[in-house]
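Structure, as structure tokens:
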Amino acid sequence: MRLSEDDSHALAGAPAAPTYLEDGTTVMSWLNTRDHKRVGVMFLVSVILFFFLGGLFALLIRFKLLQPGPFFLDALGYNRMFTLHGVVMIFLFLIPSIPSAFGNFVLPLMLGARDVAFPRLNLFSYYLYLAGAVLAILAMIQGGADTGWTFYTPYSSTTATQVLPVLLGVFILGFSSILTGLNFIVTVHTLRAPGLSWMRLPLFVWGIYGTSIIQVLATPVIGITVLIVAVERVGGFGLFDPARGGDPVLFQHMFWFYSHPAVYIMVLPGMGVISETVAAFSRKNPFGYKAIAMSSLGIAFVGFFTWGHHMFVAGQSTFNAGAFGILSMFVGVFTAIKVFNWVGTMYRGAISFKTPFAYICGFLYFIVFGGMTGVALATTSLDIHWHDTYFVVAHFHFIMVGASVMAFLAALHYWFPKMFGRMYPEGWGLVAASLIILGFNATFIPQFLLGNFGMPRRYYQYPEHFQALNVASTAGATLLGFGFLIILIYMTIALRYGQRSEANPWGSKGFEWLTASPPPTHNFDEIPTITQMPHDYRTHEPPGVIRVA
Amino acid sequence: MNEVLRRLLFLPDQASTFARDVDRLHYFVIITTFIMSTAVGLTAIFFFVRYRRRSETQTTPHIEPALWMEALFVGTPLIFFTLWFFLGFREFVRQQTPPSDSMDVYVMGKKWMWKFAYPDGPNSINVLRVPAGRNVRLLMTSRDVIHSFYVPEFRIKQDVLPGRYTQTWFNATMPGRYQILCAEYCGAGHSIMRGEVIVLKPQEYENWLAFQHRGLVATQDAQPTALDFAPPLGNMVDQGRRIAAEQGCLKCHTTDGTRHIGPTWLDLYLRRERLNDGSIVVADEAYLTESMMDPALKVVEGFQPVMPSFQGKLAGPEVAALVEYIKSLQSDAVRIGPSEGPAYAPIRGR
């Protein structure tokens with residue numbers, strides 16, 4: 001990695017290149033921006049907002065479950081609450097979280113590009129996201145839907161609640177997702193800096209690239225599916241409703257054809273983040289770079305052929321169950337390759353235990369436990385007992401929260417100085433991290449046991465012998481909520497009063513640190529030439545040797 | 001060992017023949033999971049302690065894994081996961097294949113109750129009585145949305161779908177009372193859509209059965225709250241015969257083996273039929289139901305697709321009664337009328 005002598009001056013925060021934050025401070029300058037960094041920041045703020053909204057729903061659910069009988073919410077209110085929790089967390093937080101927020105911000109920086117390939121489309125994608133979110137919120141104000149985020153027919157095509165605006169919201173959000181994915185694919189193909197060959201791409205880029213492929217190929221299917229359900233509700237079109245000659249299992253096939261790959265939309269970017277941060281904080285080249293990169297593509301590919309493992313007891317054939325079961329195992333193998341290589345990266349490294357590293361540790365434990373319980377669920381005979389119980393709930397929260405949210409938080413802390421040029425308070429960071437990891441275990445380990453015990457999910461009332469474990473889970477959720485609140489508070493304060501950071505406070509050799517922090521509007525005055533792999537720590541000078549006063 | 005692990009993992013009692021086998025695999029899988037996640041966690045902690053950053057300018061060597069190491073990374077999980085899969089799938093196939101000597105009970109799910117019908121007599125709501133040590137096959141359908149029949153102590157679960165039949169089976173080992181839970185979200189009453197399996201000793205079961213008269217169970221066990229639970233009319237075969245006449249089935253289908261507008265019903269059950277597209281279908285409960293709902297889909301070779309759909313015209317129990325009537329039409333063992341006592345003759349051909 002080297003920069004020409006004249007540029008290092010320009011990059012070092014000289015007045016000629018204002019940072020992207022200073023380049024126009026009016027509201028319009030943000031709303032009308034084409035800058036991938038500003039779009040990324042707008043996405044970041046929005047997804048965090050929705051994360052707290054979805055979290056609030058989760059806490060209300062947990063509060064109700066303190067009591068086995070009717071308490072606090074009525075049955076319909078409870079059903080709406082878990083539907084909203086699922087819809088908000090999945091479609092408004094998890095799917096756009098890392099790709100649209102951090103992907104937008106750092107992907108072009110990592111590629112040595114001045115922006116994404118289609119900056120206008122990028123902004124449009126944000127507005128589509130807003131439109132979808134507004135529709136979903138509108139539905140909430142009107143009373144919300146009670147179908148669960150899975151919208152299973154014929155329940156969803158016959159219930160009297162506000163399913164339509166939610167479905168349309170999901171439809172529009174899908175387009176936002178497709179456009180972002182398309183943009184990233186084209187950007188990676190066309191805007192790589194000189195010398196940045198495919199086998200030198202940062203692993204985060206590989207993760208986002210795999211994700212984008214899934215977004216472009218799978219999302220249209222959910223669009224079609226929710227549209228058919230919408231038409232079925234409005235026009236009595238009977239593709240899924242058996243009372244009109246339809247097949248409800250067809251819906252499940254179509255739904256999971258998107259929604260299983262969507263799990264990898266949510267988790268692959270997180271894996272990319274971990275690949276970056278584990279190298280940066282271990283100050284070590286990624287162990288098995290090719291294996292990690294290729295397993296991202298492997299997951300993206302095999303992920304398309306495993307949807308039937310959601311339907312082992314739904315009435316599909318025994319042969320299908322076997323085929324989908326064995327294919328699901330391969331996803332586990334690809335994930336295991338990554339896990340071994342992340343741990344291998346620490347070997348003979350120089351490890352610094354900062355807040356992101358705490359989240360890496362949490363992530364590793366959660367992905368192994370969550371991933372292996374996933375493989376256990378794909379073991380057909382075991383799934384019969386666990387299917388649609390709290391075991392499944394705990395398993396996918398280990399992946400969605402345990403893995404994806406830990407990665408999101410690692411990314412937030414790691415790239416915070418890159419994005420805003422300030423540091424978060426390290427002490428508070430570690431306090432919140434320990435609280436979150438502890439609270440998370442306290443919330444979801446009881447749920448694994450509840451699933452073993454036989455408590456089905458989406459239960460408003462439950463038999464009394466399930467109460468002790470439910471109370472334990474609620475206590476854990478409260479702890480978890482406090483952890484997230486602490487982060488929100490110190491990050492908001494740090495945004496304004498945080499200590500100013502250096503251009504590269506971690507001494508990281510990821511390519512995104514080649515430019516100033518926060519970067520100027522056009523990222524690089526002259527596109528850098530890449531001569532090395534990312535995270536090459538055989539020498540100690542930080543890349544580019546950029547210091548900002 | 002079994003008992004300790006079962007309690008440690010909060011698993012319910014093992015009250016069916018599957019439960020113990022499924023749990024054994026469960027222990028293996030969960031223990032491996034614990035060992036692996038702990039091993040990964042401990043390795044990470046060890047590496048952190050051993051390779052702490054000692055100076056801000058510290059450099060590290062460039063290390064890449066050897067090929068054998070990559071092979072190990074791929075091979076170890078692959079071996080474990082495929083082993084789990086094969087052990088699990090063997091059990092799964094067993095669970096998906098009801099033995100040929102099972103006694104049948106028809107189950108209908110409806111918002112928010114379970115209805116059970118025995119081919120030769122009693123009906124009941126929310127309470128299923130079965131003898132211990134006997135293979136019981138459940139033929140299930142739903143009246144409205146998707147439900148799921150779940151008995152944790154038996155480790156069985158099967159979705160119950162509107163417009164078609166699904167099946168599951170179990171062999172209860174311990175007399176007692178076990179909760180039936182609905183495991184597929186079905187609306188406001190989902191969490192209270194509960195029933196009960198009462199497993200009786202074989203002799204007690206026979207006594208109970210002997211005492212059943214028309215309508216007795218329904219009033220004993222629960223209140224049939226919905227109008228659409230037709231009062232039990234004794235025998236499903238008789239009901240089926242009556243419905244077949246009322247609905248005009250017999251205008252096209254004969255019951256004596258002669259060829260008419262549609263295929264004869266005699267010996268139809270489990271017959272291998274060649275369809276007009278050349279494929280072969282076995283006329284089981286699922287095919288018979290499908291042919292009533294969507295007759296043009298799979299037409300037997302040599303017949304015209306002239307049958308009207310009975311979608312929406314036949315209720316779940318009526319379809320069950322028709323299927324049961326067709327099943328009774330066997331040339332070698334025609335069983336007519338209610339059987340005396342619990343005579344669950346094995347159904348031919350399975």
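Here's how to read the names in the structure tokens: chain A, B, ... by the order shown, residue numbers from 1 in each chain, ligand numbers from 1 in the order shown.
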
Among stretch 29-277 of chain B, which residues carry a DSSP assignment of alpha helix (DSSP H), reported as number ranges by chain? B: 29-50, 67-96, 202-210, 216-221, 236-246

Near chain A, which residues of chain B fall within 6 Å when you count only C-alpha atoms, and what do they look like as a PDB file with C-alpha atoms, in the first residue's frame?
```
ATOM      1  CA  PHE B  10     -35.632 -30.175  30.876  1.00  0.00           C
ATOM      2  CA  LEU B  11     -36.938 -32.839  28.520  1.00  0.00           C
ATOM      3  CA  PRO B  12     -40.423 -34.114  29.343  1.00  0.00           C
ATOM      4  CA  THR B  33     -22.267 -28.850  20.669  1.00  0.00           C
ATOM      5  CA  SER B  37     -18.397 -24.234  21.620  1.00  0.00           C
ATOM      6  CA  GLY B  41     -14.124 -20.333  23.399  1.00  0.00           C
ATOM      7  CA  TYR B  51      -0.527 -13.585  22.410  1.00  0.00           C
ATOM      8  CA  ARG B  52      -1.398 -10.327  24.171  1.00  0.00           C
ATOM      9  CA  ARG B  53      -0.225  -7.180  22.422  1.00  0.00           C
ATOM     10  CA  THR B  57       4.515  -1.245  17.098  1.00  0.00           C
ATOM     11  CA  THR B  59       4.626  -6.898  14.115  1.00  0.00           C
ATOM     12  CA  THR B  60       3.408 -10.426  13.495  1.00  0.00           C
ATOM     13  CA  PRO B  61       4.500 -13.146  11.088  1.00  0.00           C
ATOM     14  CA  GLU B  64      -1.304 -19.400   6.357  1.00  0.00           C
ATOM     15  CA  PRO B  65      -2.773 -22.766   7.190  1.00  0.00           C
ATOM     16  CA  PHE B  73     -11.341 -27.854   9.275  1.00  0.00           C
ATOM     17  CA  PRO B  77     -17.527 -30.931  11.072  1.00  0.00           C
ATOM     18  CA  LEU B  78     -18.493 -32.807   7.915  1.00  0.00           C
ATOM     19  CA  PHE B  85     -27.899 -36.650   9.853  1.00  0.00           C
ATOM     20  CA  GLY B  88     -31.501 -38.762  12.717  1.00  0.00           C
ATOM     21  CA  PHE B  89     -32.883 -39.550   9.294  1.00  0.00           C
ATOM     22  CA  GLU B  91     -35.326 -42.371  13.044  1.00  0.00           C
ATOM     23  CA  PHE B  92     -37.234 -39.801  10.975  1.00  0.00           C
ATOM     24  CA  VAL B 145     -56.112 -22.710   8.974  1.00  0.00           C
ATOM     25  CA  PRO B 152     -44.109 -33.296  23.901  1.00  0.00           C
ATOM     26  CA  ARG B 155     -41.803 -36.389  20.815  1.00  0.00           C
ATOM     27  CA  ILE B 156     -44.220 -36.223  17.887  1.00  0.00           C
ATOM     28  CA  LYS B 157     -45.463 -33.276  15.935  1.00  0.00           C
ATOM     29  CA  GLN B 158     -47.218 -32.963  12.589  1.00  0.00           C
ATOM     30  CA  ASP B 159     -48.805 -30.006  10.887  1.00  0.00           C
ATOM     31  CA  GLY B 163     -57.912 -29.456   2.323  1.00  0.00           C
ATOM     32  CA  ALA B 183     -47.650 -25.802  17.569  1.00  0.00           C
ATOM     33  CA  ALA B 188     -56.036 -15.548  19.170  1.00  0.00           C
ATOM     34  CA  SER B 191     -52.102 -20.981  22.963  1.00  0.00           C
TER      35      SER B 191
END
```

Go through A:Phe71, A:Phe105, A:Phe391, A:Phe151 one by one, measure the shortest atom-to-atom distance of each to A:Met42 using only C-alpha atoms, and give the residue with the smallest value. A:Phe105

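Closest approach to A:Ile90 from the set A:Ile437, A:Ala136, A:Leu182, A:Met266 is made by A:Met266, with distances taken over only C-alpha atoms.
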
Selection: 10 Å around stretch 111-118 of chain B, only C-alpha atoms, excl. self and same-chain fewer than 3 positions, as a ChimeraX atom specification: /B:103-108,121-129,138-140,142-147,149,180-182,186-196,218,224-226,229,232,234-236,317,320-321

For A:Ala468, list every protein, DNA or RNA residue within 10 Å, evaluated using only C-alpha atoms, and leave out those in the same chain fewer than 2 positions away; present the list as a list of chain:residue names. A:Leu66, A:Gln67, A:Pro446, A:Leu450, A:Glu464, A:His465, A:Phe466, A:Asn470, A:Val471, A:Ala472, A:Ser473

Need to verify the contact set: stretch 93-101 of chain A, 9 Å, only C-alpha atoms, exclusion of same-chain residues closer than 5 positions in sequence. Can you return it as a ChimeraX atom specification? /A:37,39-51,54,87-88,106,126,129,176-177,180-181,208,211-212,262-263,265-267,269-270,273,400,404-405,407-408,411

Which residue out of B:Asn2, B:Gln14, B:Thr264, B:Gln95 has the minimum interatomic distance to B:Gly176 when only C-alpha atoms are used? B:Gln14

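The residue set within 12 Å of A:Leu56, counting only C-alpha atoms and dropping same-chain residues fewer than 2 places from it, reads Leu49, Phe50, Phe51, Phe52, Leu53, Gly54, Ala58, Leu59, Leu60, Ile61, Arg62, Phe63, Met81, Phe82, Leu84, His85, Gly86, Val88, Met89, Ala477, Thr478, Leu480, Gly481, Phe482, Phe484 and Leu485 of chain A.
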
Could you please take those selected residues and save N, CA and C atoms as a PDB file, in the first residue's frame?
```
ATOM      1  N   LEU A  49     -32.675   3.311  15.145  1.00  0.00           N
ATOM      2  CA  LEU A  49     -34.006   3.711  15.623  1.00  0.00           C
ATOM      3  C   LEU A  49     -34.956   2.513  15.626  1.00  0.00           C
ATOM      4  N   PHE A  50     -34.976   1.764  14.519  1.00  0.00           N
ATOM      5  CA  PHE A  50     -35.895   0.628  14.429  1.00  0.00           C
ATOM      6  C   PHE A  50     -35.457  -0.516  15.336  1.00  0.00           C
ATOM      7  N   PHE A  51     -34.149  -0.623  15.558  1.00  0.00           N
ATOM      8  CA  PHE A  51     -33.687  -1.656  16.482  1.00  0.00           C
ATOM      9  C   PHE A  51     -34.283  -1.418  17.868  1.00  0.00           C
ATOM     10  N   PHE A  52     -34.277  -0.156  18.301  1.00  0.00           N
ATOM     11  CA  PHE A  52     -34.832   0.118  19.634  1.00  0.00           C
ATOM     12  C   PHE A  52     -36.351  -0.055  19.656  1.00  0.00           C
ATOM     13  N   LEU A  53     -37.003   0.295  18.541  1.00  0.00           N
ATOM     14  CA  LEU A  53     -38.446   0.069  18.468  1.00  0.00           C
ATOM     15  C   LEU A  53     -38.758  -1.425  18.579  1.00  0.00           C
ATOM     16  N   GLY A  54     -38.046  -2.237  17.786  1.00  0.00           N
ATOM     17  CA  GLY A  54     -38.252  -3.690  17.826  1.00  0.00           C
ATOM     18  C   GLY A  54     -37.901  -4.259  19.189  1.00  0.00           C
ATOM     19  N   ALA A  58     -40.051  -6.417  21.969  1.00  0.00           N
ATOM     20  CA  ALA A  58     -39.556  -7.658  22.577  1.00  0.00           C
ATOM     21  C   ALA A  58     -39.723  -7.610  24.093  1.00  0.00           C
ATOM     22  N   LEU A  59     -39.387  -6.455  24.684  1.00  0.00           N
ATOM     23  CA  LEU A  59     -39.494  -6.351  26.146  1.00  0.00           C
ATOM     24  C   LEU A  59     -40.952  -6.442  26.588  1.00  0.00           C
ATOM     25  N   LEU A  60     -41.865  -5.864  25.792  1.00  0.00           N
ATOM     26  CA  LEU A  60     -43.285  -5.968  26.152  1.00  0.00           C
ATOM     27  C   LEU A  60     -43.738  -7.430  26.106  1.00  0.00           C
ATOM     28  N   ILE A  61     -43.263  -8.153  25.087  1.00  0.00           N
ATOM     29  CA  ILE A  61     -43.597  -9.582  24.995  1.00  0.00           C
ATOM     30  C   ILE A  61     -43.079 -10.314  26.227  1.00  0.00           C
ATOM     31  N   ARG A  62     -41.800 -10.066  26.543  1.00  0.00           N
ATOM     32  CA  ARG A  62     -41.201 -10.764  27.686  1.00  0.00           C
ATOM     33  C   ARG A  62     -41.928 -10.401  28.984  1.00  0.00           C
ATOM     34  N   PHE A  63     -42.364  -9.145  29.066  1.00  0.00           N
ATOM     35  CA  PHE A  63     -43.064  -8.735  30.288  1.00  0.00           C
ATOM     36  C   PHE A  63     -44.365  -9.512  30.442  1.00  0.00           C
ATOM     37  N   MET A  81     -47.979  -7.876  18.864  1.00  0.00           N
ATOM     38  CA  MET A  81     -46.677  -7.465  19.366  1.00  0.00           C
ATOM     39  C   MET A  81     -45.573  -8.334  18.791  1.00  0.00           C
ATOM     40  N   PHE A  82     -45.749  -9.685  18.803  1.00  0.00           N
ATOM     41  CA  PHE A  82     -44.641 -10.505  18.276  1.00  0.00           C
ATOM     42  C   PHE A  82     -44.527 -10.387  16.766  1.00  0.00           C
ATOM     43  N   LEU A  84     -45.060  -7.534  15.111  1.00  0.00           N
ATOM     44  CA  LEU A  84     -44.339  -6.281  14.886  1.00  0.00           C
ATOM     45  C   LEU A  84     -42.872  -6.438  15.245  1.00  0.00           C
ATOM     46  N   HIS A  85     -42.608  -7.154  16.339  1.00  0.00           N
ATOM     47  CA  HIS A  85     -41.211  -7.390  16.736  1.00  0.00           C
ATOM     48  C   HIS A  85     -40.469  -8.069  15.579  1.00  0.00           C
ATOM     49  N   GLY A  86     -41.068  -9.121  15.018  1.00  0.00           N
ATOM     50  CA  GLY A  86     -40.418  -9.851  13.934  1.00  0.00           C
ATOM     51  C   GLY A  86     -40.249  -8.996  12.690  1.00  0.00           C
ATOM     52  N   VAL A  88     -40.284  -5.689  12.290  1.00  0.00           N
ATOM     53  CA  VAL A  88     -39.366  -4.555  12.459  1.00  0.00           C
ATOM     54  C   VAL A  88     -37.931  -5.051  12.518  1.00  0.00           C
ATOM     55  N   MET A  89     -37.679  -6.082  13.331  1.00  0.00           N
ATOM     56  CA  MET A  89     -36.305  -6.531  13.504  1.00  0.00           C
ATOM     57  C   MET A  89     -35.739  -7.112  12.210  1.00  0.00           C
ATOM     58  N   ALA A 477     -33.574 -10.591  29.568  1.00  0.00           N
ATOM     59  CA  ALA A 477     -33.908  -9.614  28.531  1.00  0.00           C
ATOM     60  C   ALA A 477     -33.806  -8.190  29.071  1.00  0.00           C
ATOM     61  N   THR A 478     -34.166  -8.029  30.346  1.00  0.00           N
ATOM     62  CA  THR A 478     -34.067  -6.700  30.955  1.00  0.00           C
ATOM     63  C   THR A 478     -32.606  -6.240  30.996  1.00  0.00           C
ATOM     64  N   LEU A 480     -30.229  -7.272  29.072  1.00  0.00           N
ATOM     65  CA  LEU A 480     -29.837  -7.038  27.683  1.00  0.00           C
ATOM     66  C   LEU A 480     -30.277  -5.647  27.246  1.00  0.00           C
ATOM     67  N   GLY A 481     -31.519  -5.283  27.603  1.00  0.00           N
ATOM     68  CA  GLY A 481     -32.041  -3.971  27.243  1.00  0.00           C
ATOM     69  C   GLY A 481     -31.192  -2.850  27.825  1.00  0.00           C
ATOM     70  N   PHE A 482     -30.793  -3.005  29.095  1.00  0.00           N
ATOM     71  CA  PHE A 482     -29.943  -1.993  29.727  1.00  0.00           C
ATOM     72  C   PHE A 482     -28.623  -1.844  28.973  1.00  0.00           C
ATOM     73  N   PHE A 484     -27.971  -2.318  25.818  1.00  0.00           N
ATOM     74  CA  PHE A 484     -28.135  -1.550  24.578  1.00  0.00           C
ATOM     75  C   PHE A 484     -28.365  -0.067  24.870  1.00  0.00           C
ATOM     76  N   LEU A 485     -29.093   0.198  25.963  1.00  0.00           N
ATOM     77  CA  LEU A 485     -29.371   1.585  26.324  1.00  0.00           C
ATOM     78  C   LEU A 485     -28.076   2.332  26.657  1.00  0.00           C
TER      79      LEU A 485
END
```

If we count only C-alpha atoms and set the cut-off at 8 Å, which residues sit around stretch 107-124 of chain A, ignoring sequence neighbours fewer than 5 positions away in its own chain? Please answer as a PyMOL selection string. chain A and resi 32-36+39+102+176+179-180+183-184+186-188+190-193+196+201-202+204-205+510-512+515+522-524+527-528

Hey, can you spit out that residue selection with N, CA and C atoms as a compact mmCIF listing (two decimals), in the first residue's frame?
```
# COMPACT_ATOMS: atom_id res chain seq x y z
N ASN A 32 -30.47 15.19 0.11
CA ASN A 32 -30.28 15.15 -1.33
C ASN A 32 -28.87 14.70 -1.69
N THR A 33 -28.20 14.03 -0.76
CA THR A 33 -26.80 13.70 -0.99
C THR A 33 -26.65 12.53 -1.94
N ARG A 34 -25.52 12.47 -2.64
CA ARG A 34 -25.21 11.28 -3.45
C ARG A 34 -24.04 10.55 -2.81
N ASP A 35 -23.55 11.07 -1.68
CA ASP A 35 -22.35 10.54 -1.06
C ASP A 35 -22.68 9.23 -0.34
N HIS A 36 -21.98 8.16 -0.71
CA HIS A 36 -22.27 6.86 -0.10
C HIS A 36 -22.09 6.90 1.41
N VAL A 39 -25.27 8.47 2.87
CA VAL A 39 -26.37 7.50 2.78
C VAL A 39 -26.18 6.43 3.86
N PHE A 102 -23.07 -0.03 7.20
CA PHE A 102 -21.61 -0.11 7.16
C PHE A 102 -21.11 -0.45 5.77
N SER A 176 -35.70 -1.96 -2.06
CA SER A 176 -34.55 -1.26 -1.48
C SER A 176 -33.36 -2.20 -1.36
N LEU A 179 -31.85 -3.10 -4.82
CA LEU A 179 -31.07 -2.03 -5.43
C LEU A 179 -29.72 -1.89 -4.73
N THR A 180 -29.71 -2.01 -3.39
CA THR A 180 -28.44 -1.93 -2.68
C THR A 180 -27.52 -3.06 -3.12
N ASN A 183 -26.16 -2.48 -6.63
CA ASN A 183 -25.17 -1.42 -6.59
C ASN A 183 -23.82 -1.96 -6.11
N PHE A 184 -23.85 -2.78 -5.06
CA PHE A 184 -22.60 -3.30 -4.51
C PHE A 184 -21.92 -4.25 -5.49
N VAL A 186 -22.07 -4.28 -8.76
CA VAL A 186 -21.45 -3.51 -9.85
C VAL A 186 -20.24 -2.76 -9.32
N THR A 187 -20.34 -2.21 -8.11
CA THR A 187 -19.21 -1.47 -7.55
C THR A 187 -17.99 -2.37 -7.41
N VAL A 188 -18.19 -3.58 -6.87
CA VAL A 188 -17.05 -4.47 -6.66
C VAL A 188 -16.44 -4.87 -8.01
N THR A 190 -16.51 -3.11 -10.88
CA THR A 190 -15.98 -2.06 -11.77
C THR A 190 -15.10 -1.03 -11.08
N LEU A 191 -15.21 -0.87 -9.78
CA LEU A 191 -14.54 0.28 -9.17
C LEU A 191 -13.38 -0.10 -8.26
N ARG A 192 -12.78 -1.26 -8.45
CA ARG A 192 -11.63 -1.62 -7.61
C ARG A 192 -10.41 -0.79 -8.01
N ALA A 193 -9.64 -0.38 -7.01
CA ALA A 193 -8.45 0.42 -7.26
C ALA A 193 -7.43 -0.40 -8.04
N LEU A 196 -5.88 -3.91 -6.94
CA LEU A 196 -6.77 -4.63 -6.02
C LEU A 196 -7.45 -5.78 -6.78
N LEU A 201 -9.14 -8.69 -2.20
CA LEU A 201 -10.30 -7.97 -1.65
C LEU A 201 -10.38 -8.19 -0.15
N PRO A 202 -10.65 -7.14 0.60
CA PRO A 202 -10.88 -7.35 2.04
C PRO A 202 -12.02 -8.34 2.26
N PHE A 204 -14.40 -8.38 4.30
CA PHE A 204 -15.71 -7.75 4.46
C PHE A 204 -16.37 -7.58 3.09
N VAL A 205 -15.55 -7.23 2.08
CA VAL A 205 -16.09 -7.07 0.73
C VAL A 205 -16.61 -8.41 0.21
N GLY A 510 -6.48 -2.48 7.38
CA GLY A 510 -7.59 -2.62 6.43
C GLY A 510 -7.52 -1.44 5.47
N PHE A 511 -7.95 -1.64 4.23
CA PHE A 511 -7.79 -0.59 3.21
C PHE A 511 -8.63 0.65 3.49
N GLU A 512 -9.72 0.49 4.26
CA GLU A 512 -10.56 1.67 4.50
C GLU A 512 -9.82 2.71 5.34
N THR A 515 -7.44 6.30 4.02
CA THR A 515 -7.79 7.72 3.89
C THR A 515 -8.04 8.31 5.27
N HIS A 522 -14.84 13.01 -1.42
CA HIS A 522 -14.54 12.09 -2.52
C HIS A 522 -13.53 11.02 -2.14
N ASN A 523 -13.42 10.78 -0.86
CA ASN A 523 -12.64 9.67 -0.31
C ASN A 523 -11.14 9.79 -0.56
N PHE A 524 -10.75 9.80 -1.82
CA PHE A 524 -9.33 9.83 -2.16
C PHE A 524 -9.12 10.92 -3.20
N ILE A 527 -6.66 7.96 -6.51
CA ILE A 527 -6.98 6.58 -6.17
C ILE A 527 -5.69 5.87 -5.77
N PRO A 528 -5.69 5.20 -4.61
CA PRO A 528 -4.46 4.51 -4.19
C PRO A 528 -4.19 3.28 -5.05
```

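Picture a line from atom CA of B:Trp169 to atom CA of A:Phe305; it runs 28.9 Å.
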
Please, which residues of stretch 48-272 of chain B, numbered as in this document, come out strand (DSSP E) from DSSP, as a PyMOL selection string? chain B and resi 103-110+113-117+123-125+127-131+135-142+147-151+156-160+166-171+176-182+195-200+272

Any chance you could export the current selection's C-alpha atoms as a short mmCIF file (atom, residue, chain, number, x, y, z; two decimals), in the first residue's frame?
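That gives us part16.cif:
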```cif
data_model
loop_
_atom_site.label_atom_id
_atom_site.label_comp_id
_atom_site.auth_asym_id
_atom_site.auth_seq_id
_atom_site.Cartn_x
_atom_site.Cartn_y
_atom_site.Cartn_z
CA MET B 103 -55.24 -48.57 14.62
CA ASP B 104 -56.52 -45.41 12.97
CA VAL B 105 -57.98 -42.33 14.58
CA TYR B 106 -59.18 -39.38 12.54
CA VAL B 107 -58.18 -35.98 13.87
CA MET B 108 -59.65 -32.68 12.85
CA GLY B 109 -58.17 -29.39 14.00
CA LYS B 110 -60.32 -26.31 14.09
CA MET B 113 -60.12 -27.36 19.39
CA TRP B 114 -59.26 -30.89 18.40
CA LYS B 115 -61.85 -33.43 17.33
CA PHE B 116 -61.14 -37.15 17.29
CA ALA B 117 -63.17 -39.79 15.47
CA ASN B 123 -66.17 -39.29 18.65
CA SER B 124 -64.63 -36.97 21.16
CA ILE B 125 -63.52 -33.40 21.51
CA VAL B 127 -59.63 -35.88 24.50
CA LEU B 128 -57.97 -38.75 22.68
CA ARG B 129 -58.09 -42.12 24.41
CA VAL B 130 -55.65 -44.75 23.25
CA PRO B 131 -54.46 -48.08 24.61
CA ASN B 135 -49.45 -48.47 17.33
CA VAL B 136 -51.84 -45.61 16.70
CA ARG B 137 -51.98 -43.80 13.39
CA LEU B 138 -53.53 -40.35 13.31
CA LEU B 139 -55.07 -39.16 10.04
CA MET B 140 -55.37 -35.45 10.39
CA THR B 141 -56.96 -32.56 8.59
CA SER B 142 -57.97 -29.02 9.44
CA HIS B 147 -52.60 -26.25 13.04
CA SER B 148 -49.96 -28.61 14.38
CA PHE B 149 -50.53 -31.66 16.56
CA TYR B 150 -47.84 -31.82 19.24
CA VAL B 151 -47.44 -34.13 22.22
CA ILE B 156 -44.22 -36.22 17.89
CA LYS B 157 -45.46 -33.28 15.93
CA GLN B 158 -47.22 -32.96 12.59
CA ASP B 159 -48.80 -30.01 10.89
CA VAL B 160 -52.52 -30.34 10.24
CA THR B 166 -51.40 -35.66 6.90
CA GLN B 167 -50.49 -38.54 9.14
CA THR B 168 -48.34 -39.35 12.13
CA TRP B 169 -48.17 -42.28 14.50
CA PHE B 170 -47.01 -43.23 17.96
CA ASN B 171 -46.92 -46.10 20.38
CA GLY B 176 -51.20 -41.51 31.90
CA ARG B 177 -52.47 -38.13 30.71
CA TYR B 178 -50.45 -36.06 28.26
CA GLN B 179 -51.10 -32.59 26.94
CA ILE B 180 -51.74 -31.99 23.24
CA LEU B 181 -50.51 -28.57 22.18
CA CYS B 182 -51.07 -26.71 18.92
CA GLY B 195 -56.19 -31.24 24.25
CA GLU B 196 -55.25 -34.34 26.10
CA VAL B 197 -54.15 -37.85 25.24
CA ILE B 198 -55.29 -40.33 27.84
CA VAL B 199 -53.25 -43.50 27.57
CA LEU B 200 -55.16 -46.39 29.14
CA ARG B 272 -51.81 -48.71 -7.76
#
```
